[in-house]
Amino acid sequence: MIDLVSVSKVYKTGGSPAVSDVNLHVERGEFIFLVGPSGAGKTTLIKLISREELPSSGRILFLGHDTSAYKPQELLRHRRRMGLVFQDFRLLKSKTIYENVALALEVTGRPPQEIKAKVPAILARVGLAGKEEAFPNELSGGEQQRAGIARAIVRDPLLILADEPTGNVDRETAWGLMELFEDINRGGTTVIIATHAWDLVDRMKKRVITLDKGRVIRDELQGSYSHAH
Amino acid sequence: MLINYIKYCFRQAVISLSRNRWLALVSAGMIAVSLAILGGFLLAAVNSNQAMQNIQSNLEIVIFLKDGADISNLEKKINQLEGIAGCTFVDKHCGLQEFGRSLGDEALMAELAGENNPLPDIFRVRAREGELVPVLAGQIEQLPGVESVDYGKELVQTITGISSWLYWISVSISSLLAVGAIFLVGTTIRLSVLIRHEEIGIMKQLGASDWFIRLPFLLEGFTIGWTGTLAAIIALGLVYYQFAALLLRKSPLFFLQPVTAPGILASIFGGLLLLGTAMGGLGSVFSIRRFLKV
């Protein structure tokens, strides 16, 4: 599904590369943790796959297509085939939870009937039934992240990219979120999560890719964070 | 899909306007003040221009004729010239009577009557537009039977000079005011966009097209621009109506007549409405441009 071929990324500000000569292959339906210390290149790798950033060298292939060569319409299609989850949730504070999730469908021009049917169902799936009319600042951190996940999965994406999704919630809530990601993955969606939460990584027994100074130093199918360190 | 999108854009514009109503009101107020000043200046400019034209149109060309000139033929030729509003023949006897009335010296008039009358026959000609006076005077001077022509050349030149200065001053100040208004509106809308740049970034990440993001902002900008300009036009219209009514009732000078032609006023107010609406819309489009590059 995703292939990274000798991918490097150097930001214009100079310094050492954020990602250096990374080669990766991701199969459809995989669940992957990206781990490593701060500044290891996890977030840059997420941004490269989501095509928020372009590689300085190398190629990223998504379903066989070079993401650097996308035309504007192809880039839109690429973004619409994936769901992004962020540490700071990135919910629109001026919109209700319902409106935040509906926005992901509205940008693709889905009809109102479909939106009305789908959004409450997704909110119920992530455990936010009855919170439709609440604004983000009326919810706890865990609930806000659930809303962020609902927005990411409402379009049935092929891929979920999550950057430190449990960084702003307590351990119990974090575990609940991981169970939610696992549930989404069981439905066939590929999930890639960049995280520092070693205990969660160790418990999940999923593929773990360890980065350090922009390089992949370990790639284990049923890895653990503690083993990586 | 397109209908859903249009509905979405209108809904978003309405929601955004109501949620950011204070900022929208400030933006509309800025546009209203800027365009009221610009519109006030434009009205002053057209009125002063009309006053100058009134002065010029009241200027008369006096044509002094040679003895034995063919009066009817000359009158025909003068009336055939482009831009003549009226032509009156005054023979030397009537001319002397007029002169005598203005002097009030009957003894002198009696002495000059008959064969001793030194005055020539004249034509008094009025031009349709003040600017035509020097041109017509030059053409008439060439006609057979014409001794000389007088039209207050120096006065015309002074008025033409003042008109020209007034025109350029009004064009310059109007342009400066328009640029100032655009800058003011652009800044206000940029502020509204800055508040919402995070929203734009998230929409881009969700796969929204640039036009999907842009159109609600454009509609919002148009609404703010249109509302502000409408307020300015209503205020300006009411003030101008009072001013025009006052001048029409008791103008102190003959040339101080307000411009009331519906065509001119409609083009000023209509132009302001278009300018204000466009300023609101374009200001928002330009303001979000840099946030679309994600």
# chains A, B, ... in the order shown; residues from 1 in each chain; ligands from 1
call {"tool": "residues_around", "arguments": {"residues": "region 65-69 of chain A", "least_positions_apart": "4", "cutoff": "12 Å", "atoms": "only C-alpha atoms", "output": "ChimeraX atom specification"}}
result
/A:1-5,7,47-61,73-79
call {"tool": "write_last_selection", "arguments": {"atoms": "C-alpha atoms", "output": "PDB file, in the first residue's frame"}}
result
ATOM      1  CA  MET A   1       0.000   0.000   0.000  1.00  0.00           C
ATOM      2  CA  ILE A   2       2.743   2.457   0.993  1.00  0.00           C
ATOM      3  CA  ASP A   3       6.359   2.261  -0.115  1.00  0.00           C
ATOM      4  CA  LEU A   4       9.106   4.616   0.969  1.00  0.00           C
ATOM      5  CA  VAL A   5      12.210   4.315  -1.202  1.00  0.00           C
ATOM      6  CA  VAL A   7      13.364   8.878   1.511  1.00  0.00           C
ATOM      7  CA  LYS A  47       3.793  14.411   7.337  1.00  0.00           C
ATOM      8  CA  LEU A  48       5.624  12.865   4.389  1.00  0.00           C
ATOM      9  CA  ILE A  49       3.104  10.026   4.090  1.00  0.00           C
ATOM     10  CA  SER A  50       0.145  12.436   4.421  1.00  0.00           C
ATOM     11  CA  ARG A  51       1.904  14.576   1.802  1.00  0.00           C
ATOM     12  CA  GLU A  52       1.894  17.617   4.063  1.00  0.00           C
ATOM     13  CA  GLU A  53       5.639  17.676   3.298  1.00  0.00           C
ATOM     14  CA  LEU A  54       7.521  16.610   0.192  1.00  0.00           C
ATOM     15  CA  PRO A  55      10.666  14.469   0.467  1.00  0.00           C
ATOM     16  CA  SER A  56      13.983  16.174  -0.313  1.00  0.00           C
ATOM     17  CA  SER A  57      15.063  12.957  -2.043  1.00  0.00           C
ATOM     18  CA  GLY A  58      13.656   9.495  -2.614  1.00  0.00           C
ATOM     19  CA  ARG A  59      10.125   8.432  -3.516  1.00  0.00           C
ATOM     20  CA  ILE A  60       6.929   7.764  -1.595  1.00  0.00           C
ATOM     21  CA  LEU A  61       4.474   5.503  -3.381  1.00  0.00           C
ATOM     22  CA  GLN A  73      -6.932  16.904  -7.896  1.00  0.00           C
ATOM     23  CA  GLU A  74      -4.885  13.805  -7.074  1.00  0.00           C
ATOM     24  CA  LEU A  75      -3.592  15.472  -3.918  1.00  0.00           C
ATOM     25  CA  LEU A  76      -7.183  16.166  -2.838  1.00  0.00           C
ATOM     26  CA  ARG A  77      -8.085  12.527  -3.496  1.00  0.00           C
ATOM     27  CA  HIS A  78      -5.010  11.402  -1.510  1.00  0.00           C
ATOM     28  CA  ARG A  79      -6.023  13.526   1.482  1.00  0.00           C
TER      29      ARG A  79
END
call {"tool": "closest_atom_pairs", "arguments": {"of": "chain B", "to": "chain A", "cutoff": "10 Å", "atoms": "only C-alpha atoms", "output": "JSON lines"}}
result
{"residue": "B:Met1", "atom": "CA", "partner": "A:Gly109", "partner_atom": "CA", "distance": 5.4}
{"residue": "B:Leu2", "atom": "CA", "partner": "A:Gly109", "partner_atom": "CA", "distance": 7.5}
{"residue": "B:Ile3", "atom": "CA", "partner": "A:Gly109", "partner_atom": "CA", "distance": 9.1}
{"residue": "B:Asn4", "atom": "CA", "partner": "A:Pro111", "partner_atom": "CA", "distance": 6.2}
{"residue": "B:Tyr5", "atom": "CA", "partner": "A:Gly109", "partner_atom": "CA", "distance": 5.9}
{"residue": "B:Ile6", "atom": "CA", "partner": "A:Gly109", "partner_atom": "CA", "distance": 9.7}
{"residue": "B:Lys7", "atom": "CA", "partner": "A:Pro112", "partner_atom": "CA", "distance": 9.8}
{"residue": "B:Tyr8", "atom": "CA", "partner": "A:Glu106", "partner_atom": "CA", "distance": 7.5}
{"residue": "B:Ile15", "atom": "CA", "partner": "A:Lys95", "partner_atom": "CA", "distance": 9.6}
{"residue": "B:Ser16", "atom": "CA", "partner": "A:Ser94", "partner_atom": "CA", "distance": 8.9}
{"residue": "B:Arg19", "atom": "CA", "partner": "A:Ser94", "partner_atom": "CA", "distance": 7.9}
{"residue": "B:Asn20", "atom": "CA", "partner": "A:Ser94", "partner_atom": "CA", "distance": 9.7}
{"residue": "B:Arg196", "atom": "CA", "partner": "A:Leu92", "partner_atom": "CA", "distance": 9.2}
{"residue": "B:Glu198", "atom": "CA", "partner": "A:Leu92", "partner_atom": "CA", "distance": 7.9}
{"residue": "B:Glu199", "atom": "CA", "partner": "A:Leu92", "partner_atom": "CA", "distance": 6.2}
{"residue": "B:Ile200", "atom": "CA", "partner": "A:Leu92", "partner_atom": "CA", "distance": 9.9}
{"residue": "B:Gly201", "atom": "CA", "partner": "A:Arg90", "partner_atom": "CA", "distance": 9.6}
{"residue": "B:Ile202", "atom": "CA", "partner": "A:Arg90", "partner_atom": "CA", "distance": 7.1}
{"residue": "B:Met203", "atom": "CA", "partner": "A:Val107", "partner_atom": "CA", "distance": 7.6}
{"residue": "B:Lys204", "atom": "CA", "partner": "A:Arg79", "partner_atom": "CA", "distance": 8.5}
{"residue": "B:Gln205", "atom": "CA", "partner": "A:Arg79", "partner_atom": "CA", "distance": 6.7}
{"residue": "B:Leu206", "atom": "CA", "partner": "A:Ala104", "partner_atom": "CA", "distance": 6.0}
{"residue": "B:Gly207", "atom": "CA", "partner": "A:Arg79", "partner_atom": "CA", "distance": 4.9}
{"residue": "B:Ala208", "atom": "CA", "partner": "A:Val107", "partner_atom": "CA", "distance": 4.9}
{"residue": "B:Ser209", "atom": "CA", "partner": "A:Leu76", "partner_atom": "CA", "distance": 6.9}
{"residue": "B:Asp210", "atom": "CA", "partner": "A:Leu76", "partner_atom": "CA", "distance": 9.9}
{"residue": "B:Phe212", "atom": "CA", "partner": "A:Val107", "partner_atom": "CA", "distance": 6.9}
{"residue": "B:Ile213", "atom": "CA", "partner": "A:Val107", "partner_atom": "CA", "distance": 8.6}
{"residue": "B:Val294", "atom": "CA", "partner": "A:Glu52", "partner_atom": "CA", "distance": 7.1}
call {"tool": "select_by_dssp", "arguments": {"residues": "region 46-210 of chain A", "states": "strand (DSSP E)", "output": "MDAnalysis selection string"}}
result
chainID A and resid 57:62 65:66 82:86 159:163 190:194 207:210
call {"tool": "write_last_selection", "arguments": {"atoms": "C-alpha atoms", "output": "PDB file, in the first residue's frame"}}
result
ATOM      1  CA  SER A  57      15.063  12.957  -2.043  1.00  0.00           C
ATOM      2  CA  GLY A  58      13.656   9.495  -2.614  1.00  0.00           C
ATOM      3  CA  ARG A  59      10.125   8.432  -3.516  1.00  0.00           C
ATOM      4  CA  ILE A  60       6.929   7.764  -1.595  1.00  0.00           C
ATOM      5  CA  LEU A  61       4.474   5.503  -3.381  1.00  0.00           C
ATOM      6  CA  PHE A  62       0.846   5.322  -2.257  1.00  0.00           C
ATOM      7  CA  HIS A  65       1.546   6.302  -7.316  1.00  0.00           C
ATOM      8  CA  ASP A  66       4.413   8.677  -6.560  1.00  0.00           C
ATOM      9  CA  MET A  82      -6.783   9.070   4.770  1.00  0.00           C
ATOM     10  CA  GLY A  83      -7.775  10.210   8.230  1.00  0.00           C
ATOM     11  CA  LEU A  84      -5.439  12.270  10.385  1.00  0.00           C
ATOM     12  CA  VAL A  85      -5.436  12.305  14.186  1.00  0.00           C
ATOM     13  CA  PHE A  86      -3.365  14.850  16.108  1.00  0.00           C
ATOM     14  CA  LEU A 159      -5.313   4.778   6.181  1.00  0.00           C
ATOM     15  CA  ILE A 160      -5.307   6.423   9.607  1.00  0.00           C
ATOM     16  CA  LEU A 161      -2.235   8.457  10.503  1.00  0.00           C
ATOM     17  CA  ALA A 162      -2.088   9.451  14.164  1.00  0.00           C
ATOM     18  CA  ASP A 163       0.635  11.681  15.601  1.00  0.00           C
ATOM     19  CA  THR A 190      -4.387   0.594   7.927  1.00  0.00           C
ATOM     20  CA  VAL A 191      -3.312   2.422  11.105  1.00  0.00           C
ATOM     21  CA  ILE A 192       0.054   4.119  11.670  1.00  0.00           C
ATOM     22  CA  ILE A 193       0.577   5.728  15.076  1.00  0.00           C
ATOM     23  CA  ALA A 194       3.571   7.798  16.151  1.00  0.00           C
ATOM     24  CA  ARG A 207       4.558  -3.977  14.263  1.00  0.00           C
ATOM     25  CA  VAL A 208       6.971  -1.432  15.769  1.00  0.00           C
ATOM     26  CA  ILE A 209       9.285   0.728  13.640  1.00  0.00           C
ATOM     27  CA  THR A 210      11.930   2.477  15.704  1.00  0.00           C
TER      28      THR A 210
END
call {"tool": "closest_residue", "arguments": {"among": "B:Gly186, B:Leu119, B:Val193, B:Lys76", "to": "Leu143 (chain B)", "atoms": "only C-alpha atoms"}}
result
B:Lys76
call {"tool": "select_by_dssp", "arguments": {"residues": "region 14-177 of chain B", "states": "alpha helix (DSSP H)", "output": "PyMOL selection string"}}
result
chain B and resi 14-19+21-57+71-80+92-103+106-112+133-141+153-177
call {"tool": "residues_around", "arguments": {"residues": "region 148-161 of chain B", "least_positions_apart": "3", "cutoff": "12 Å", "atoms": "only C-alpha atoms", "output": "PyMOL selection string"}}
result
chain B and resi 48-49+51-66+120-127+129-145+164-168
call {"tool": "write_last_selection", "arguments": {"atoms": "C-alpha atoms", "output": "JSON list (two decimals), in the first residue's frame"}}
result
[["chain", "number", "residue", "atom", "x", "y", "z"],
["B", 48, "SER", "CA", -18.47, 71.84, -8.22],
["B", 49, "ASN", "CA", -18.02, 70.63, -11.80],
["B", 51, "ALA", "CA", -21.24, 74.94, -10.92],
["B", 52, "MET", "CA", -18.28, 75.61, -13.23],
["B", 53, "GLN", "CA", -20.31, 74.49, -16.23],
["B", 54, "ASN", "CA", -23.17, 76.75, -15.16],
["B", 55, "ILE", "CA", -20.80, 79.70, -15.10],
["B", 56, "GLN", "CA", -19.32, 78.81, -18.48],
["B", 57, "SER", "CA", -22.71, 78.20, -20.13],
["B", 58, "ASN", "CA", -23.85, 81.68, -19.13],
["B", 59, "LEU", "CA", -20.99, 83.26, -21.02],
["B", 60, "GLU", "CA", -22.06, 85.03, -24.19],
["B", 61, "ILE", "CA", -20.20, 85.50, -27.47],
["B", 62, "VAL", "CA", -20.71, 88.99, -28.86],
["B", 63, "ILE", "CA", -20.14, 89.20, -32.63],
["B", 64, "PHE", "CA", -19.49, 92.67, -34.06],
["B", 65, "LEU", "CA", -20.52, 92.94, -37.70],
["B", 66, "LYS", "CA", -19.07, 94.94, -40.56],
["B", 120, "PRO", "CA", -22.08, 98.23, -35.02],
["B", 121, "ASP", "CA", -24.82, 95.64, -35.46],
["B", 122, "ILE", "CA", -24.16, 92.60, -33.29],
["B", 123, "PHE", "CA", -25.15, 88.99, -32.73],
["B", 124, "ARG", "CA", -25.32, 87.60, -29.22],
["B", 125, "VAL", "CA", -24.59, 83.85, -29.27],
["B", 126, "ARG", "CA", -24.85, 81.30, -26.45],
["B", 127, "ALA", "CA", -23.04, 77.97, -26.52],
["B", 129, "GLU", "CA", -21.59, 73.97, -23.23],
["B", 130, "GLY", "CA", -19.19, 76.42, -21.66],
["B", 131, "GLU", "CA", -16.16, 74.57, -23.02],
["B", 132, "LEU", "CA", -17.35, 75.26, -26.60],
["B", 133, "VAL", "CA", -17.24, 79.05, -26.19],
["B", 134, "PRO", "CA", -13.60, 79.58, -27.36],
["B", 135, "VAL", "CA", -14.00, 77.07, -30.22],
["B", 136, "LEU", "CA", -17.21, 78.68, -31.51],
["B", 137, "ALA", "CA", -15.71, 82.16, -31.19],
["B", 138, "GLY", "CA", -12.78, 81.07, -33.39],
["B", 139, "GLN", "CA", -15.11, 79.59, -36.03],
["B", 140, "ILE", "CA", -17.42, 82.62, -36.08],
["B", 141, "GLU", "CA", -14.50, 85.00, -36.44],
["B", 142, "GLN", "CA", -13.74, 83.40, -39.84],
["B", 143, "LEU", "CA", -17.23, 83.99, -41.24],
["B", 144, "PRO", "CA", -17.70, 86.75, -43.88],
["B", 145, "GLY", "CA", -19.17, 89.98, -42.55],
["B", 164, "SER", "CA", -9.13, 71.56, -14.78],
["B", 165, "TRP", "CA", -7.45, 71.94, -11.37],
["B", 166, "LEU", "CA", -10.63, 70.93, -9.59],
["B", 167, "TYR", "CA", -10.92, 67.87, -11.81],
["B", 168, "TRP", "CA", -7.38, 66.68, -11.10]]
call {"tool": "atom_distance", "arguments": {"atom1": "CA of Arg190 (chain B)", "atom2": "CA of Gly148 (chain A)"}}
result
27.9 Å
call {"tool": "atom_distance", "arguments": {"atom1": "CA of Ser6 (chain A)", "atom2": "CA of Leu34 (chain A)"}}
result
17.4 Å
call {"tool": "atom_distance", "arguments": {"atom1": "CA of Thr195 (chain A)", "atom2": "CA of Val35 (chain A)"}}
result
5.7 Å
call {"tool": "closest_residue", "arguments": {"among": "B:Val171, B:Leu43, B:Ala178, B:Ile37", "to": "Tyr241 (chain B)", "atoms": "only C-alpha atoms"}}
result
B:Leu43
call {"tool": "residues_around", "arguments": {"residues": "region 214-228 of chain B", "least_positions_apart": "3", "cutoff": "8 Å", "atoms": "only C-alpha atoms", "output": "VMD selection string"}}
result
chain B and resid 9 to 10 12 to 14 16 to 17 24 to 25 27 to 32 189 210 to 211 231 to 232 273 to 274 276 to 285 288
call {"tool": "write_last_selection", "arguments": {"atoms": "C-alpha atoms", "output": "short mmCIF file (atom, residue, chain, number, x, y, z; two decimals), in the first residue's frame"}}
result
data_model
loop_
_atom_site.label_atom_id
_atom_site.label_comp_id
_atom_site.auth_asym_id
_atom_site.auth_seq_id
_atom_site.Cartn_x
_atom_site.Cartn_y
_atom_site.Cartn_z
CA CYS B 9 -21.23 27.77 1.44
CA PHE B 10 -24.29 29.90 2.23
CA GLN B 12 -21.21 28.54 6.51
CA ALA B 13 -21.25 32.22 5.57
CA VAL B 14 -24.38 32.80 7.69
CA SER B 16 -19.67 32.56 10.46
CA LEU B 17 -21.28 36.00 10.23
CA ALA B 24 -18.37 41.63 10.91
CA LEU B 25 -20.08 44.77 12.23
CA SER B 27 -15.68 45.55 9.15
CA ALA B 28 -18.99 46.76 7.73
CA GLY B 29 -18.65 49.98 9.76
CA MET B 30 -15.15 50.56 8.35
CA ILE B 31 -16.46 50.12 4.82
CA ALA B 32 -19.40 52.41 5.57
CA ILE B 189 -10.91 41.17 6.78
CA ASP B 210 -9.30 25.83 -2.37
CA TRP B 211 -12.65 26.99 -3.73
CA ALA B 231 -25.46 51.95 5.17
CA ALA B 232 -23.09 54.55 3.71
CA LEU B 273 -22.29 49.79 -4.00
CA LEU B 274 -20.33 47.78 -6.56
CA GLY B 276 -17.90 48.31 -1.59
CA THR B 277 -19.23 44.84 -2.37
CA ALA B 278 -16.23 44.01 -4.53
CA MET B 279 -13.88 45.39 -1.86
CA GLY B 280 -15.45 43.11 0.76
CA GLY B 281 -15.27 40.02 -1.45
CA LEU B 282 -11.85 40.60 -2.96
CA GLY B 283 -10.42 41.68 0.39
CA SER B 284 -11.40 38.31 1.87
CA VAL B 285 -10.09 36.32 -1.11
CA ILE B 288 -6.99 33.94 2.78
#
call {"tool": "closest_residue", "arguments": {"among": "A:Ala174, A:Ala147, A:Val169, A:Ile32", "to": "Thr189 (chain A)", "atoms": "only C-alpha atoms"}}
result
A:Ile32
call {"tool": "closest_residue", "arguments": {"among": "A:Arg125, A:Lys42, A:Lys71, A:Lys118", "to": "Val19 (chain A)", "atoms": "only C-alpha atoms"}}
result
A:Lys42
